[in-house]
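J.: Quick one: this structure, given as structure tokens, is what I'll be asking you about.
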Amino acid sequence: MTVRTPLAYVAVAGLCIALHNAVIILADSVGMPLWFAVLLSFGIVACAGYVLHGLFTFRQPLAAIGLVRYFIAMSANIPFAFVATWFWHEQVDLPMTFAAPIASVCMLALNFLLGRWAIVTPTRWTELR
């Protein structure tokens, strides 16, 4: 892994976080239930994240199996995003404009590890360790 990889990851993750937060905040503003907003965000952000991480972070060709693995790996975010957002919004009583970004920061490390596993091919994975 080169120095470029973490920098590209941060840039793409930042775009994905902004997109996720926009979907969650907008959905909350129109009265959408949190569980539905999280699922909607997952679908949108997982598609964008796979393409951007594949092309820019890990520089791997896009492939159906990579997309499937990425969706599986990122599906771990669904319960985590729900619980983290619920905690900051409902338990700490922060407005969604603060709760969603704080919950997103909580998910960064998990997403890097899962995204790397999903996109980097198994033979390359052993070379990068």
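If you're wondering about the labels, chains in the structure tokens are A, B, ... by order shown, residues count from 1 in each chain, ligands from 1 in order shown.
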Can you tell me, as a ChimeraX atom specification, which residues in range 25-90 of chain A count as alpha helix (DSSP H) by DSSP?
T.: /A:25-29,34-52,64-74,77-86
J.: Give me, as a list in words, all polymer residues having an atom no more than 12 Å from Asp28 in chain A, counting only C-alpha atoms and skipping those fewer than 4 positions away in the same chain.
T.: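 Everything that qualifies: Asn21, Ala22, Val23, Ile24, Met32, Pro33, Leu34, Trp35, Phe36, Ala37, Val38, Leu40, Ser41, Thr85, Trp86, His89, Pro95, Met96, Thr97, Ala99 and Ala100 of chain A.
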J.: With distances taken over only C-alpha atoms, which residue among A:Pro101, A:Ile17, A:Gly54, A:Ala48 lies nearest Trp117 in chain A?
T.: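 Of A:Pro101, A:Ile17, A:Gly54, A:Ala48, the one nearest Trp117 in chain A is A:Gly54, counting only C-alpha atoms.
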J.: CA of Ile72 in chain A and CA of Asn111 in chain A are how many Å apart?
T.: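 We find that CA of Ile72 in chain A and CA of Asn111 in chain A lie 11.7 Å from each other.
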J.: Pick out the closest residue to Leu114 in chain A from this set: A:Ile25, A:Ala81, A:Ile102, A:Met74. Count only C-alpha atoms.
T.: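 Closest candidate: A:Met74.
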J.: Which residue is closest to Thr57 in chain A? Choose from A:Leu15, A:Leu39, A:Ala8, A:Val45 and count only C-alpha atoms.
T.: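 Ranking A:Leu15, A:Leu39, A:Ala8, A:Val45 by distance to Thr57 in chain A, first place goes to A:Ala8.
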J.: Show which residues sit within 10 Å of Phe71 in chain A, as number ranges by chain. Count only C-alpha atoms, and ignore same-chain residues fewer than 4 positions away.
T.: A: 42-43, 46-47, 49-50, 65-67, 75-77, 114-115, 118
J.: Quote the spacing between CA of Ser104 in chain A and CA of Pro79 in chain A in Å to one decimal place.
T.: 12.6 Å
